[in-house]
>>> print(open('target.cif').read())   # mmCIF, C-alpha atoms
data_query
#
loop_
_atom_site.label_atom_id
_atom_site.label_comp_id
_atom_site.auth_asym_id
_atom_site.auth_seq_id
_atom_site.Cartn_x
_atom_site.Cartn_y
_atom_site.Cartn_z
CA MET Y 20 -67.85 61.97 91.22
CA VAL Y 21 -66.49 59.86 88.39
CA ASN Y 22 -68.54 56.93 87.14
CA TYR Y 23 -66.42 53.87 86.59
CA PRO Y 24 -67.27 51.25 83.99
CA SER Y 25 -68.54 47.99 85.40
CA GLY Y 26 -65.86 45.57 86.44
CA ILE Y 27 -63.40 48.22 87.56
CA ASN Y 28 -62.61 48.09 91.22
CA SER Y 29 -61.97 51.08 93.38
CA LYS Y 30 -58.24 50.43 93.70
CA GLN Y 31 -57.79 51.67 90.17
CA LYS Y 32 -59.12 55.10 91.13
CA THR Y 33 -55.68 56.18 92.25
CA THR Y 34 -53.97 55.07 89.04
CA SER Y 35 -52.55 57.79 86.84
CA PHE Y 36 -54.32 58.07 83.52
CA ASN Y 37 -52.25 56.05 81.08
CA ASN Y 38 -53.30 53.20 78.84
CA ARG Y 39 -52.05 50.59 81.34
CA GLY Y 40 -50.50 48.65 78.48
CA MET Y 41 -53.84 48.07 76.81
CA SER Y 42 -53.98 47.65 73.06
CA LEU Y 43 -55.97 50.24 71.15
CA GLU Y 44 -58.63 47.62 70.44
CA THR Y 45 -58.99 46.71 74.12
CA LEU Y 46 -59.17 50.36 75.07
CA LEU Y 47 -61.87 51.03 72.47
CA ASN Y 48 -63.89 47.95 73.42
CA ARG Y 49 -63.77 49.14 76.99
CA THR Y 50 -64.79 52.64 75.93
CA ASN Y 51 -67.70 51.37 73.84
CA SER Y 52 -68.89 49.12 76.71
CA TYR Y 53 -68.81 52.15 78.96
CA TYR Y 54 -70.86 54.18 76.45
CA LEU Y 55 -73.35 51.31 76.14
CA ASP Y 56 -73.73 50.82 79.91
CA LYS Y 57 -74.29 54.53 80.49
CA ASP Y 58 -76.65 54.96 77.50
CA ILE Y 59 -74.25 57.48 75.97
CA ALA Y 60 -73.97 55.76 72.58
CA VAL Y 61 -74.28 52.36 70.91
CA ILE Y 62 -71.09 51.64 69.00
CA TYR Y 63 -69.77 48.21 68.11
CA LYS Y 64 -66.74 46.75 66.45
CA LYS Y 65 -67.89 44.83 63.41
CA PRO Y 66 -67.06 41.12 63.43
CA THR Y 67 -63.98 40.32 61.34
CA PRO Y 68 -65.18 38.84 58.06
CA ILE Y 69 -64.13 35.24 57.63
CA LYS Y 70 -64.01 33.39 54.34
CA ILE Y 71 -65.37 29.89 54.78
CA VAL Y 72 -63.83 27.31 52.48
CA LYS Y 73 -65.03 24.02 53.88
CA MET Y 74 -67.65 22.64 56.26
CA ALA Y 75 -67.47 19.22 57.89
CA PRO Y 76 -69.93 16.88 56.14
CA LYS Y 77 -73.43 16.92 57.64
CA SER Y 78 -72.35 19.26 60.39
CA GLU Y 79 -72.37 22.88 61.54
CA LYS Y 80 -68.60 22.72 61.97
CA ILE Y 81 -66.39 24.90 59.81
CA ILE Y 82 -63.13 23.07 59.09
CA GLU Y 83 -61.37 25.45 56.73
CA ALA Y 84 -61.63 29.21 56.85
CA TYR Y 85 -59.46 32.35 56.66
CA PHE Y 86 -59.62 35.87 58.00
CA GLU Y 87 -60.51 38.54 55.50
CA LYS Y 88 -59.96 42.28 55.62
CA HIS Y 89 -62.82 44.68 56.21
CA SER Y 90 -63.88 46.45 53.05
CA THR Y 91 -65.38 49.18 55.19
CA THR Y 92 -64.23 50.26 58.66
CA ASP Y 93 -63.91 48.62 62.05
CA TYR Y 94 -66.49 50.47 64.11
CA ASN Y 95 -69.92 51.98 63.62
CA GLY Y 96 -72.98 52.91 65.59
CA VAL Y 97 -75.25 55.66 66.79
CA TYR Y 98 -74.78 58.70 69.00
CA LYS Y 99 -77.59 61.24 69.44
CA GLY Y 100 -79.26 60.03 66.23
CA LYS Y 101 -76.09 60.49 64.21
CA TYR Y 102 -74.34 57.72 62.35
CA ILE Y 103 -70.81 57.31 63.70
CA ASP Y 104 -68.21 55.39 61.68
CA PHE Y 105 -64.51 55.06 62.30
CA GLU Y 106 -61.36 53.10 61.76
CA ALA Y 107 -58.77 52.60 64.51
CA LYS Y 108 -55.09 52.28 63.67
CA SER Y 109 -51.91 52.06 65.65
CA THR Y 110 -48.40 52.90 64.54
CA MET Y 111 -44.97 52.59 66.12
CA CYS Y 112 -43.68 55.50 64.00
CA LYS Y 113 -42.98 58.66 65.94
CA THR Y 114 -43.26 61.40 63.35
CA ALA Y 115 -45.80 60.25 60.76
CA PHE Y 116 -48.63 57.83 60.10
CA PRO Y 117 -48.08 55.51 57.09
CA LEU Y 118 -50.98 55.59 54.63
CA SER Y 119 -50.33 51.95 53.76
CA ASN Y 120 -52.47 51.30 56.84
CA PHE Y 121 -55.52 52.05 54.73
CA GLN Y 122 -56.90 49.97 51.92
CA LYS Y 123 -58.34 51.67 48.88
CA CYS Y 124 -61.83 50.34 49.61
CA GLN Y 125 -61.74 51.92 53.06
CA ILE Y 126 -61.02 55.30 51.49
CA THR Y 127 -63.91 54.76 49.07
CA HIS Y 128 -66.11 53.84 52.04
CA PHE Y 129 -65.21 57.13 53.76
CA GLN Y 130 -66.08 59.04 50.58
CA LYS Y 131 -69.44 57.27 50.33
CA ILE Y 132 -70.47 57.86 53.94
CA ILE Y 133 -69.39 61.50 53.92
CA ILE Y 134 -71.89 62.04 51.08
CA GLN Y 135 -74.49 60.62 53.50
CA LYS Y 136 -73.39 63.09 56.21
CA ALA Y 137 -71.91 60.44 58.48
CA VAL Y 138 -69.66 61.49 61.34
CA ALA Y 139 -66.56 59.70 60.05
CA PHE Y 140 -63.04 59.69 61.42
CA VAL Y 141 -59.89 57.74 62.20
CA ILE Y 142 -58.51 57.15 65.66
CA ILE Y 143 -54.73 56.94 65.42
CA GLU Y 144 -52.51 55.67 68.20
CA PHE Y 145 -48.89 56.70 68.17
CA ALA Y 146 -47.92 53.80 70.39
CA SER Y 147 -44.35 54.81 71.15
CA LEU Y 148 -45.50 58.32 72.08
CA GLN Y 149 -48.53 57.02 74.02
CA LYS Y 150 -50.67 59.56 72.18
CA TYR Y 151 -54.08 59.22 70.53
CA TYR Y 152 -55.63 61.43 67.90
CA LEU Y 153 -58.98 61.72 66.22
CA LEU Y 154 -58.63 62.81 62.60
CA PRO Y 155 -61.90 63.60 60.76
CA ALA Y 156 -62.21 61.53 57.57
CA GLN Y 157 -62.55 64.76 55.54
CA LYS Y 158 -59.07 65.79 56.69
CA LEU Y 159 -57.67 62.38 55.84
CA LEU Y 160 -59.19 62.52 52.35
CA SER Y 161 -58.00 66.06 51.68
CA PHE Y 162 -54.46 65.07 52.71
CA ILE Y 163 -54.53 62.14 50.30
CA ILE Y 164 -55.89 64.28 47.45
CA ASN Y 165 -53.41 67.12 47.95
CA ASN Y 166 -50.26 65.13 48.68
CA THR Y 167 -48.15 62.47 47.08
CA ARG Y 168 -46.55 61.49 50.39
CA LYS Y 169 -46.92 57.95 51.66
CA SER Y 170 -47.46 59.00 55.24
CA ILE Y 171 -49.24 61.77 57.10
CA PRO Y 172 -46.87 63.86 59.23
CA LEU Y 173 -47.75 63.97 62.92
CA LYS Y 174 -47.75 67.76 62.55
CA TYR Y 175 -50.66 67.55 60.06
CA ILE Y 176 -52.57 65.32 62.47
CA GLU Y 177 -51.90 67.71 65.37
CA ASN Y 178 -53.07 70.67 63.29
CA ASN Y 179 -56.12 69.05 61.70
CA GLY Y 180 -57.13 66.51 64.31
CA TYR Y 181 -57.77 66.40 68.03
CA GLU Y 182 -55.79 64.71 70.74
CA ILE Y 183 -57.85 62.24 72.79
CA LYS Y 184 -56.76 61.92 76.39
CA ILE Y 185 -57.32 58.82 78.47
CA SER Y 186 -59.95 59.78 81.00
CA ALA Y 187 -60.24 59.08 84.70
CA SER Y 188 -62.40 56.05 83.89
CA ILE Y 189 -59.49 54.74 81.82
CA ILE Y 190 -61.39 54.99 78.62
CA LEU Y 191 -60.55 56.80 75.40
CA ASP Y 192 -63.40 59.28 75.46
CA TYR Y 193 -63.57 60.12 71.75
CA LEU Y 194 -67.21 61.22 71.91
CA ASP Y 195 -66.09 64.17 73.99
CA ILE Y 196 -64.54 65.41 70.72
CA VAL Y 197 -67.22 64.07 68.39
CA LYS Y 198 -69.96 66.00 70.20
CA ASP Y 199 -68.45 69.25 68.89
CA LEU Y 200 -68.06 67.99 65.31
CA PHE Y 201 -71.72 68.26 64.26
CA MET Q 49 -87.15 57.14 33.62
CA VAL Q 50 -86.33 54.37 36.04
CA ASN Q 51 -82.71 53.79 36.97
CA TYR Q 52 -81.84 50.12 37.01
CA PRO Q 53 -79.17 48.71 39.31
CA SER Q 54 -76.01 47.66 37.55
CA GLY Q 55 -76.11 44.18 36.06
CA ILE Q 56 -79.79 44.27 35.19
CA ASN Q 57 -80.44 44.06 31.51
CA SER Q 58 -83.21 45.85 29.72
CA LYS Q 59 -85.27 42.71 29.11
CA GLN Q 60 -86.26 42.74 32.77
CA LYS Q 61 -87.99 46.08 32.32
CA THR Q 62 -91.12 44.34 31.19
CA THR Q 63 -91.19 41.88 34.07
CA SER Q 64 -94.00 42.28 36.55
CA PHE Q 65 -92.79 43.37 39.95
CA ASN Q 66 -92.52 40.25 42.06
CA ASN Q 67 -89.58 38.94 44.04
CA ARG Q 68 -88.60 36.55 41.25
CA GLY Q 69 -88.02 33.82 43.82
CA MET Q 70 -85.27 35.76 45.58
CA SER Q 71 -84.71 35.21 49.25
CA LEU Q 72 -85.23 38.21 51.50
CA GLU Q 73 -81.48 38.40 52.07
CA THR Q 74 -80.72 38.44 48.36
CA LEU Q 75 -83.37 41.07 47.77
CA LEU Q 76 -81.97 43.26 50.54
CA ASN Q 77 -78.37 42.84 49.39
CA ARG Q 78 -79.49 43.90 45.95
CA THR Q 79 -81.40 46.85 47.38
CA ASN Q 80 -78.42 47.98 49.47
CA SER Q 81 -76.08 47.67 46.46
CA TYR Q 82 -78.49 49.84 44.51
CA TYR Q 83 -78.55 52.46 47.29
CA LEU Q 84 -74.73 52.39 47.42
CA ASP Q 85 -74.29 52.73 43.64
CA LYS Q 86 -76.70 55.64 43.45
CA ASP Q 87 -75.34 57.40 46.58
CA ILE Q 88 -78.74 57.10 48.24
CA ALA Q 89 -77.49 55.44 51.42
CA VAL Q 90 -74.67 53.26 52.75
CA ILE Q 91 -76.16 50.22 54.45
CA TYR Q 92 -74.43 46.88 54.94
CA LYS Q 93 -75.26 43.50 56.33
CA LYS Q 94 -72.93 42.79 59.20
CA PRO Q 95 -70.70 39.75 58.80
CA THR Q 96 -72.05 36.72 60.68
CA PRO Q 97 -70.00 36.35 63.84
CA ILE Q 98 -67.98 33.15 63.90
CA LYS Q 99 -66.53 31.55 67.00
CA ILE Q 100 -63.04 30.30 66.30
CA VAL Q 101 -62.05 27.24 68.30
CA LYS Q 102 -58.84 26.10 66.66
CA MET Q 103 -56.17 27.37 64.28
CA ALA Q 104 -53.80 25.14 62.33
CA PRO Q 105 -50.36 25.28 63.96
CA LYS Q 106 -48.12 28.06 62.60
CA SER Q 107 -50.70 29.04 60.05
CA GLU Q 108 -53.43 31.53 59.23
CA LYS Q 109 -55.83 28.65 58.63
CA ILE Q 110 -58.84 28.24 60.89
CA ILE Q 111 -59.60 24.54 61.31
CA GLU Q 112 -62.46 24.57 63.79
CA ALA Q 113 -65.10 27.25 64.04
CA TYR Q 114 -68.86 27.67 64.41
CA PHE Q 115 -71.46 30.23 63.39
CA GLU Q 116 -72.77 32.41 66.18
CA LYS Q 117 -75.93 34.46 66.36
CA HIS Q 118 -75.87 38.24 66.13
CA SER Q 119 -76.34 39.86 69.49
CA THR Q 120 -77.49 42.99 67.68
CA THR Q 121 -79.21 43.18 64.29
CA ASP Q 122 -78.35 42.19 60.75
CA TYR Q 123 -78.11 45.54 58.99
CA ASN Q 124 -76.94 49.03 59.77
CA GLY Q 125 -75.70 52.13 58.04
CA VAL Q 126 -76.31 55.76 57.22
CA TYR Q 127 -79.00 57.63 55.30
CA LYS Q 128 -79.04 61.44 55.24
CA GLY Q 129 -76.89 61.59 58.38
CA LYS Q 130 -79.26 59.32 60.30
CA TYR Q 131 -78.26 56.01 61.80
CA ILE Q 132 -80.35 53.22 60.27
CA ASP Q 133 -80.54 49.82 61.97
CA PHE Q 134 -82.77 46.90 61.15
CA GLU Q 135 -83.37 43.21 61.35
CA ALA Q 136 -84.85 41.21 58.46
CA LYS Q 137 -87.00 38.17 59.11
CA SER Q 138 -89.05 35.84 56.98
CA THR Q 139 -91.94 33.65 58.01
CA MET Q 140 -94.07 31.06 56.26
CA CYS Q 141 -96.98 31.79 58.60
CA LYS Q 142 -99.91 33.55 56.95
CA THR Q 143 -101.64 35.31 59.81
CA ALA Q 144 -98.99 36.18 62.38
CA PHE Q 145 -95.29 36.65 62.92
CA PRO Q 146 -93.79 34.42 65.67
CA LEU Q 147 -91.82 36.39 68.24
CA SER Q 148 -89.48 33.44 68.73
CA ASN Q 149 -87.72 34.89 65.69
CA PHE Q 150 -86.16 37.46 68.00
CA GLN Q 151 -83.56 36.85 70.64
CA LYS Q 152 -83.75 38.73 73.91
CA CYS Q 153 -80.47 40.54 73.20
CA GLN Q 154 -81.87 41.85 69.92
CA ILE Q 155 -84.80 43.39 71.77
CA THR Q 156 -82.37 44.96 74.26
CA HIS Q 157 -80.36 46.28 71.31
CA PHE Q 158 -83.48 47.95 69.88
CA GLN Q 159 -84.20 49.54 73.26
CA LYS Q 160 -80.64 50.86 73.50
CA ILE Q 161 -80.54 52.37 70.01
CA ILE Q 162 -83.98 53.96 70.34
CA ILE Q 163 -82.61 55.90 73.32
CA GLN Q 164 -79.94 57.14 70.89
CA LYS Q 165 -82.61 58.22 68.38
CA ALA Q 166 -81.72 55.59 65.81
CA VAL Q 167 -84.12 54.88 62.96
CA ALA Q 168 -84.78 51.26 63.93
CA PHE Q 169 -87.17 48.76 62.42
CA VAL Q 170 -87.84 45.21 61.31
CA ILE Q 171 -88.47 44.11 57.76
CA ILE Q 172 -90.80 41.14 57.81
CA GLU Q 173 -91.45 38.91 54.83
CA PHE Q 174 -94.63 36.88 54.81
CA ALA Q 175 -93.20 34.45 52.27
CA SER Q 176 -96.36 32.54 51.44
CA LEU Q 177 -98.27 35.80 50.91
CA GLN Q 178 -95.35 37.40 49.00
CA LYS Q 179 -95.77 40.48 51.17
CA TYR Q 180 -93.18 42.64 52.93
CA TYR Q 181 -93.69 45.00 55.84
CA LEU Q 182 -91.60 47.53 57.67
CA LEU Q 183 -92.48 47.63 61.35
CA PRO Q 184 -90.83 50.41 63.41
CA ALA Q 185 -88.93 48.98 66.39
CA GLN Q 186 -91.03 51.15 68.74
CA LYS Q 187 -94.16 49.34 67.56
CA LEU Q 188 -92.50 45.97 68.00
CA LEU Q 189 -91.45 46.85 71.54
CA SER Q 190 -94.84 48.23 72.50
CA PHE Q 191 -96.49 45.04 71.23
CA ILE Q 192 -94.16 42.92 73.36
CA ILE Q 193 -94.72 45.08 76.45
CA ASN Q 194 -98.52 45.14 76.12
CA ASN Q 195 -99.16 41.55 75.07
CA THR Q 196 -98.51 38.07 76.32
CA ARG Q 197 -98.99 36.53 72.85
CA LYS Q 198 -96.14 34.64 71.27
CA SER Q 199 -96.72 36.06 67.82
CA ILE Q 200 -97.70 39.40 66.31
CA PRO Q 201 -100.92 39.20 64.30
CA LEU Q 202 -100.60 40.30 60.68
CA LYS Q 203 -103.40 42.77 61.42
CA TYR Q 204 -101.20 44.54 64.00
CA ILE Q 205 -98.37 44.75 61.48
CA GLU Q 206 -100.74 46.09 58.80
CA ASN Q 207 -102.07 48.72 61.20
CA ASN Q 208 -98.77 49.76 62.78
CA GLY Q 209 -96.32 49.11 59.96
CA TYR Q 210 -95.99 49.88 56.28
CA GLU Q 211 -96.15 47.55 53.34
CA ILE Q 212 -93.04 47.67 51.15
CA LYS Q 213 -93.71 46.99 47.49
CA ILE Q 214 -91.10 45.58 45.15
CA SER Q 215 -90.19 48.43 42.86
CA ALA Q 216 -89.64 48.57 39.12
CA SER Q 217 -85.92 48.13 39.72
CA ILE Q 218 -86.76 44.87 41.51
CA ILE Q 219 -85.54 46.13 44.79
CA LEU Q 220 -87.30 46.37 48.14
CA ASP Q 221 -87.26 50.14 48.45
CA TYR Q 222 -87.61 50.44 52.22
CA LEU Q 223 -86.02 53.90 52.32
CA ASP Q 224 -89.06 55.21 50.50
CA ILE Q 225 -90.87 54.55 53.80
CA VAL Q 226 -87.99 55.44 56.11
CA LYS Q 227 -87.70 58.94 54.62
CA ASP Q 228 -91.06 59.82 56.18
CA LEU Q 229 -90.23 58.34 59.57
CA PHE Q 230 -87.97 61.14 60.83
#
>>> encode(input="target.cif", output="structure tokens")
Amino acid sequence: MVNYPSGINSKQKTTSFNNRGMSLETLLNRTNSYYLDKDIAVIYKKPTPIKIVKMAPKSEKIIEAYFEKHSTTDYNGVYKGKYIDFEAKSTMCKTAFPLSNFQKCQITHFQKIIIQKAVAFVIIEFASLQKYYLLPAQKLLSFIINNTRKSIPLKYIENNGYEIKISASIILDYLDIVKDLF
Amino acid sequence: MVNYPSGINSKQKTTSFNNRGMSLETLLNRTNSYYLDKDIAVIYKKPTPIKIVKMAPKSEKIIEAYFEKHSTTDYNGVYKGKYIDFEAKSTMCKTAFPLSNFQKCQITHFQKIIIQKAVAFVIIEFASLQKYYLLPAQKLLSFIINNTRKSIPLKYIENNGYEIKISASIILDYLDIVKDLF
């Protein structure tokens, strides 16, 4: 008996397990809601930082602001007492994942949290292949240290990461992999 | 030999250990920067969520937006592999801490992360007393469950929490307490 996340009607039970055109972010939000509902884990996407330039006079209204990039990662939370921290990225490339997707401060963040024994990783969507991988942050860092290439070959990700399959509940059940990582 | 956080000059060594008029948020940001610099822990304040109402046409400029309240807590991160999660609150009251400082969804969040074995707590500043306490989330929840009062007496916090002293480095060294909590 499969437990479906709230809001999913029974018609979808017969659907084959693909991403149904959902963006990686939508799929992960759905996955994290499922984990929260079922008391499996508490993992949130951090709010996007916004730089506020101007407020309306004598008001709570922001009238000029801009999006900023995260200096850390997109998602963090707790699973069985462990600190979980990851970044989610999507690429249209078919054979490699461009490292330009990461900012230097995100790499530094991974280094810092690995010292603290965080469970840290990247979820990479190869959108045109409809494939998802979990690559431990340690493997990402060792690739960067040992290579001068500007992208990580899919082969490296296949050999050093784990494919995540979309489950019957139409979620990207990455904790099914994480549970064996510590 | 005391290690001072970067940017603190040696003159401050002779200062007595008070909060030097710093707000609780400033003090905690300073503390977390210190932890980060020294590879003691990686703990961040989450960005304040902002509700975006309107963007300028064909632009990256936000022209109408409002602050929202956190549905979770202000701070989270990792310390020795453990997930750390806390809320920081300040009160001018001298004898009790008003529970109206918490939103219902924050209490639910504490309940959810305790199931996941998070190290969860509240840091409470009694501003007029210049005193700081760490109260484990479990003790906060059990007070709420077992009482109909609208504020937590200082006595309860003294008996069930831990006073945090401002350290020689002029930080609020809450991890000195947390390290004995798990």
>>> atom_distance(input="target.cif", atom1="atom CA of Y:Pro66", atom2="atom CA of Q:Tyr123")
12.7 Å
>>> calpha_fit_and_write(input="target.cif", fixed="chain Q", moving="chain Y", output="short mmCIF file (atom, residue, chain, number, x, y, z; two decimals) with C-alpha atoms, in the coordinates of the input")
data_model
loop_
_atom_site.label_atom_id
_atom_site.label_comp_id
_atom_site.auth_asym_id
_atom_site.auth_seq_id
_atom_site.Cartn_x
_atom_site.Cartn_y
_atom_site.Cartn_z
CA MET Y 20 -87.06 56.84 33.27
CA VAL Y 21 -86.25 54.16 35.82
CA ASN Y 22 -82.65 53.64 36.86
CA TYR Y 23 -81.74 49.99 37.00
CA PRO Y 24 -79.10 48.64 39.36
CA SER Y 25 -75.89 47.59 37.69
CA GLY Y 26 -75.90 44.10 36.30
CA ILE Y 27 -79.56 44.12 35.34
CA ASN Y 28 -80.15 43.81 31.65
CA SER Y 29 -82.91 45.51 29.78
CA LYS Y 30 -84.91 42.33 29.22
CA GLN Y 31 -85.98 42.45 32.84
CA LYS Y 32 -87.70 45.79 32.29
CA THR Y 33 -90.84 44.04 31.13
CA THR Y 34 -91.00 41.72 34.13
CA SER Y 35 -93.87 42.22 36.52
CA PHE Y 36 -92.76 43.40 39.93
CA ASN Y 37 -92.51 40.28 42.06
CA ASN Y 38 -89.58 38.97 44.05
CA ARG Y 39 -88.58 36.57 41.25
CA GLY Y 40 -88.02 33.85 43.83
CA MET Y 41 -85.30 35.80 45.58
CA SER Y 42 -84.72 35.26 49.27
CA LEU Y 43 -85.26 38.25 51.52
CA GLU Y 44 -81.50 38.45 52.08
CA THR Y 45 -80.75 38.49 48.35
CA LEU Y 46 -83.40 41.12 47.78
CA LEU Y 47 -81.99 43.31 50.55
CA ASN Y 48 -78.40 42.90 49.39
CA ARG Y 49 -79.53 43.94 45.95
CA THR Y 50 -81.42 46.90 47.40
CA ASN Y 51 -78.45 48.03 49.48
CA SER Y 52 -76.11 47.73 46.46
CA TYR Y 53 -78.53 49.89 44.52
CA TYR Y 54 -78.57 52.50 47.31
CA LEU Y 55 -74.76 52.45 47.45
CA ASP Y 56 -74.31 52.78 43.67
CA LYS Y 57 -76.74 55.70 43.49
CA ASP Y 58 -75.36 57.45 46.61
CA ILE Y 59 -78.77 57.15 48.27
CA ALA Y 60 -77.52 55.48 51.46
CA VAL Y 61 -74.69 53.31 52.79
CA ILE Y 62 -76.18 50.26 54.47
CA TYR Y 63 -74.45 46.93 54.96
CA LYS Y 64 -75.30 43.54 56.32
CA LYS Y 65 -72.96 42.84 59.21
CA PRO Y 66 -70.74 39.78 58.78
CA THR Y 67 -72.09 36.75 60.64
CA PRO Y 68 -70.04 36.35 63.80
CA ILE Y 69 -68.02 33.15 63.83
CA LYS Y 70 -66.57 31.52 66.91
CA ILE Y 71 -63.07 30.28 66.18
CA VAL Y 72 -62.06 27.21 68.14
CA LYS Y 73 -58.87 26.08 66.47
CA MET Y 74 -56.21 27.37 64.09
CA ALA Y 75 -53.85 25.15 62.12
CA PRO Y 76 -50.39 25.28 63.73
CA LYS Y 77 -48.17 28.07 62.40
CA SER Y 78 -50.76 29.08 59.85
CA GLU Y 79 -53.50 31.59 59.07
CA LYS Y 80 -55.90 28.71 58.46
CA ILE Y 81 -58.90 28.27 60.73
CA ILE Y 82 -59.66 24.56 61.11
CA GLU Y 83 -62.50 24.57 63.62
CA ALA Y 84 -65.14 27.25 63.89
CA TYR Y 85 -68.92 27.67 64.29
CA PHE Y 86 -71.50 30.23 63.32
CA GLU Y 87 -72.79 32.40 66.11
CA LYS Y 88 -75.96 34.46 66.34
CA HIS Y 89 -75.88 38.23 66.12
CA SER Y 90 -76.36 39.87 69.49
CA THR Y 91 -77.51 43.00 67.70
CA THR Y 92 -79.23 43.20 64.31
CA ASP Y 93 -78.37 42.22 60.76
CA TYR Y 94 -78.14 45.57 59.01
CA ASN Y 95 -76.97 49.07 59.80
CA GLY Y 96 -75.73 52.17 58.08
CA VAL Y 97 -76.33 55.79 57.26
CA TYR Y 98 -79.01 57.66 55.34
CA LYS Y 99 -79.07 61.47 55.29
CA GLY Y 100 -76.91 61.60 58.43
CA LYS Y 101 -79.27 59.33 60.34
CA TYR Y 102 -78.27 56.02 61.84
CA ILE Y 103 -80.37 53.25 60.30
CA ASP Y 104 -80.56 49.84 62.00
CA PHE Y 105 -82.80 46.92 61.18
CA GLU Y 106 -83.40 43.22 61.38
CA ALA Y 107 -84.86 41.23 58.48
CA LYS Y 108 -87.03 38.19 59.12
CA SER Y 109 -89.06 35.87 56.98
CA THR Y 110 -91.96 33.68 58.01
CA MET Y 111 -94.07 31.07 56.26
CA CYS Y 112 -97.01 31.81 58.60
CA LYS Y 113 -99.92 33.55 56.95
CA THR Y 114 -101.67 35.30 59.82
CA ALA Y 115 -99.01 36.19 62.39
CA PHE Y 116 -95.29 36.65 62.93
CA PRO Y 117 -93.79 34.42 65.67
CA LEU Y 118 -91.81 36.39 68.25
CA SER Y 119 -89.49 33.43 68.72
CA ASN Y 120 -87.72 34.91 65.69
CA PHE Y 121 -86.16 37.47 68.00
CA GLN Y 122 -83.57 36.85 70.65
CA LYS Y 123 -83.75 38.74 73.90
CA CYS Y 124 -80.47 40.55 73.20
CA GLN Y 125 -81.87 41.87 69.93
CA ILE Y 126 -84.80 43.39 71.79
CA THR Y 127 -82.37 44.96 74.27
CA HIS Y 128 -80.36 46.29 71.33
CA PHE Y 129 -83.50 47.95 69.91
CA GLN Y 130 -84.20 49.54 73.30
CA LYS Y 131 -80.64 50.86 73.52
CA ILE Y 132 -80.56 52.38 70.04
CA ILE Y 133 -84.00 53.96 70.37
CA ILE Y 134 -82.62 55.90 73.36
CA GLN Y 135 -79.94 57.15 70.93
CA LYS Y 136 -82.64 58.22 68.43
CA ALA Y 137 -81.74 55.60 65.85
CA VAL Y 138 -84.15 54.90 63.01
CA ALA Y 139 -84.81 51.28 63.97
CA PHE Y 140 -87.19 48.77 62.45
CA VAL Y 141 -87.86 45.22 61.34
CA ILE Y 142 -88.49 44.14 57.78
CA ILE Y 143 -90.83 41.16 57.83
CA GLU Y 144 -91.47 38.94 54.84
CA PHE Y 145 -94.64 36.91 54.81
CA ALA Y 146 -93.22 34.50 52.27
CA SER Y 147 -96.37 32.57 51.45
CA LEU Y 148 -98.28 35.83 50.93
CA GLN Y 149 -95.38 37.43 49.01
CA LYS Y 150 -95.78 40.52 51.19
CA TYR Y 151 -93.19 42.68 52.95
CA TYR Y 152 -93.70 45.02 55.85
CA LEU Y 153 -91.62 47.55 57.70
CA LEU Y 154 -92.50 47.64 61.39
CA PRO Y 155 -90.84 50.42 63.45
CA ALA Y 156 -88.94 48.98 66.42
CA GLN Y 157 -91.04 51.15 68.78
CA LYS Y 158 -94.17 49.34 67.58
CA LEU Y 159 -92.51 45.97 68.03
CA LEU Y 160 -91.45 46.85 71.58
CA SER Y 161 -94.85 48.22 72.54
CA PHE Y 162 -96.51 45.03 71.26
CA ILE Y 163 -94.16 42.91 73.37
CA ILE Y 164 -94.73 45.05 76.47
CA ASN Y 165 -98.52 45.11 76.15
CA ASN Y 166 -99.15 41.52 75.08
CA THR Y 167 -98.49 38.04 76.31
CA ARG Y 168 -98.97 36.53 72.85
CA LYS Y 169 -96.14 34.61 71.25
CA SER Y 170 -96.72 36.06 67.83
CA ILE Y 171 -97.70 39.39 66.33
CA PRO Y 172 -100.93 39.21 64.32
CA LEU Y 173 -100.59 40.31 60.70
CA LYS Y 174 -103.41 42.76 61.45
CA TYR Y 175 -101.21 44.55 64.03
CA ILE Y 176 -98.39 44.75 61.50
CA GLU Y 177 -100.75 46.11 58.83
CA ASN Y 178 -102.09 48.72 61.24
CA ASN Y 179 -98.79 49.78 62.80
CA GLY Y 180 -96.34 49.12 59.99
CA TYR Y 181 -96.00 49.90 56.31
CA GLU Y 182 -96.17 47.58 53.36
CA ILE Y 183 -93.05 47.70 51.17
CA LYS Y 184 -93.70 47.04 47.51
CA ILE Y 185 -91.10 45.63 45.16
CA SER Y 186 -90.19 48.48 42.86
CA ALA Y 187 -89.64 48.60 39.12
CA SER Y 188 -85.91 48.15 39.72
CA ILE Y 189 -86.77 44.91 41.52
CA ILE Y 190 -85.55 46.17 44.81
CA LEU Y 191 -87.32 46.41 48.15
CA ASP Y 192 -87.28 50.17 48.47
CA TYR Y 193 -87.63 50.48 52.25
CA LEU Y 194 -86.05 53.94 52.36
CA ASP Y 195 -89.09 55.25 50.54
CA ILE Y 196 -90.89 54.58 53.85
CA VAL Y 197 -88.01 55.47 56.15
CA LYS Y 198 -87.72 58.97 54.66
CA ASP Y 199 -91.09 59.84 56.22
CA LEU Y 200 -90.25 58.37 59.64
CA PHE Y 201 -87.97 61.17 60.87
#
>>> residues_around(input="target.cif", residues="Q:Ala166", least_positions_apart="2", cutoff="8 Å", atoms="all atoms listed in the file", output="ChimeraX atom specification")
/Y:97,99-101 /Q:130-133,161-164,168
>>> residues_around(input="target.cif", residues="stretch 103-115 of chain Q", least_positions_apart="4", cutoff="6 Å", atoms="all atoms listed in the file", output="ChimeraX atom specification")
/Y:80-85 /Q:98-99
>>> resolve_selection(input="target.cif", expression="the PyMOL selection byres ((chain Y and resi 170) around 6)", output="list in words")
Ala115, Phe116, Pro117, Leu118, Arg168, Lys169 and Ile171 of chain Y
>>> residues_near_point(input="target.cif", point="(-101.8, 29.8, 54.2)", cutoff="8 Å", atoms="all atoms listed in the file", output="mmCIF file with C-alpha atoms, in the frame of the given file")
data_model
loop_
_atom_site.group_PDB
_atom_site.id
_atom_site.type_symbol
_atom_site.label_atom_id
_atom_site.label_comp_id
_atom_site.auth_asym_id
_atom_site.auth_seq_id
_atom_site.Cartn_x
_atom_site.Cartn_y
_atom_site.Cartn_z
ATOM 1 C CA CYS Q 141 -96.980 31.790 58.600
ATOM 2 C CA LYS Q 142 -99.910 33.550 56.950
ATOM 3 C CA THR Q 143 -101.640 35.310 59.810
ATOM 4 C CA SER Q 176 -96.360 32.540 51.440
ATOM 5 C CA LEU Q 177 -98.270 35.800 50.910
#
